[in-house]
Amino acid sequence: MLRILLWKIGFEWAQIKRLVYPATDKRIFYFAFGANLCVDVLEKRGIEVYDEFDYELENATLKFSQRGFYRNHGYASADEFKGDRVYGKMYLILQSDALRMDYFEGVPFLDVHHKVFHTANGLKYYYYRARSPQEGLKPTQEYLDYLVTAYRDMPIVSNQYIETLASTEVLEECLPQNQTGDFIRNINQWPRFIHPLLICYERCCLMLVKFLWNRSAFQWLVQKQNDKSTCSQTNQ
């Protein structure tokens, strides 16, 4: 629970820093291939995009290997795989927004993603990769649709790839998690008779994080700041 508290405090502090000192001259490229391909998701998170273009991440493969909130639930990860590639969008965003994105992706304290920095053909950027990828996980239909819809508008993605992705088996029922791994890292170090309690603890922690994920006392102010910035640029 302490990690969740620290994550949330850090999250709110990152929002405040973005409001007080956005540092619009400091920007970084971020490669997105999951829900952040959706404009609505970015706007909800208050991420301002200054430039964007389609991009292929080489020597990686798209897998739903990041464990989610429910049993067998998975999110997309760009896992290492030589010779394959992951399609997505390259976004130019503020470094202050990149810090906020770290909290959305559970990097600080929750420790569920690696933040990977990369340089290719003179382009410096970063993306997120599952810290402990797992096999056999499934995305929800809503999450899968984010990717499929975005890929249909990207000329670099073949129709065959899109149709194969669209046929991915999805999570049909959101059942409570019955495994540990995020908050209880090694359940076998504990006496077996308390394993059910530890699984229950893990489940409660996951649901708390899910509840807090898009709830912020300051995020709406970031969105308003972005709206004012957009209006100012439009009127110039």
# chains A, B, ... in the order shown; residues from 1 in each chain; ligands from 1

$ residues_around --residues "A:Val49" --least-positions-apart "6" --cutoff "8 Å" --atoms "only C-alpha atoms" --output "ChimeraX atom specification"
/A:91-94

$ select_by_dssp --residues "stretch 20-125 of chain A" --states "strand (DSSP E or B)" --output "PyMOL selection string"
chain A and resi 27-32+49-67+70+73-94+113-120+123-125

$ closest_residue --among "A:His195, A:Arg3, A:Lys8, A:Lys124" --to "A:Arg27" --atoms "only C-alpha atoms"
A:Lys124

$ residues_around --residues "A:Tyr30" --least-positions-apart "4" --cutoff "6 Å" --atoms "only C-alpha atoms" --output "MDAnalysis selection string"
chainID A and resid 90:91 125:127

$ closest_residue --among "A:Phe29, A:Ser167, A:Tyr103, A:Cys200" --to "A:Thr119" --atoms "only C-alpha atoms"
A:Phe29
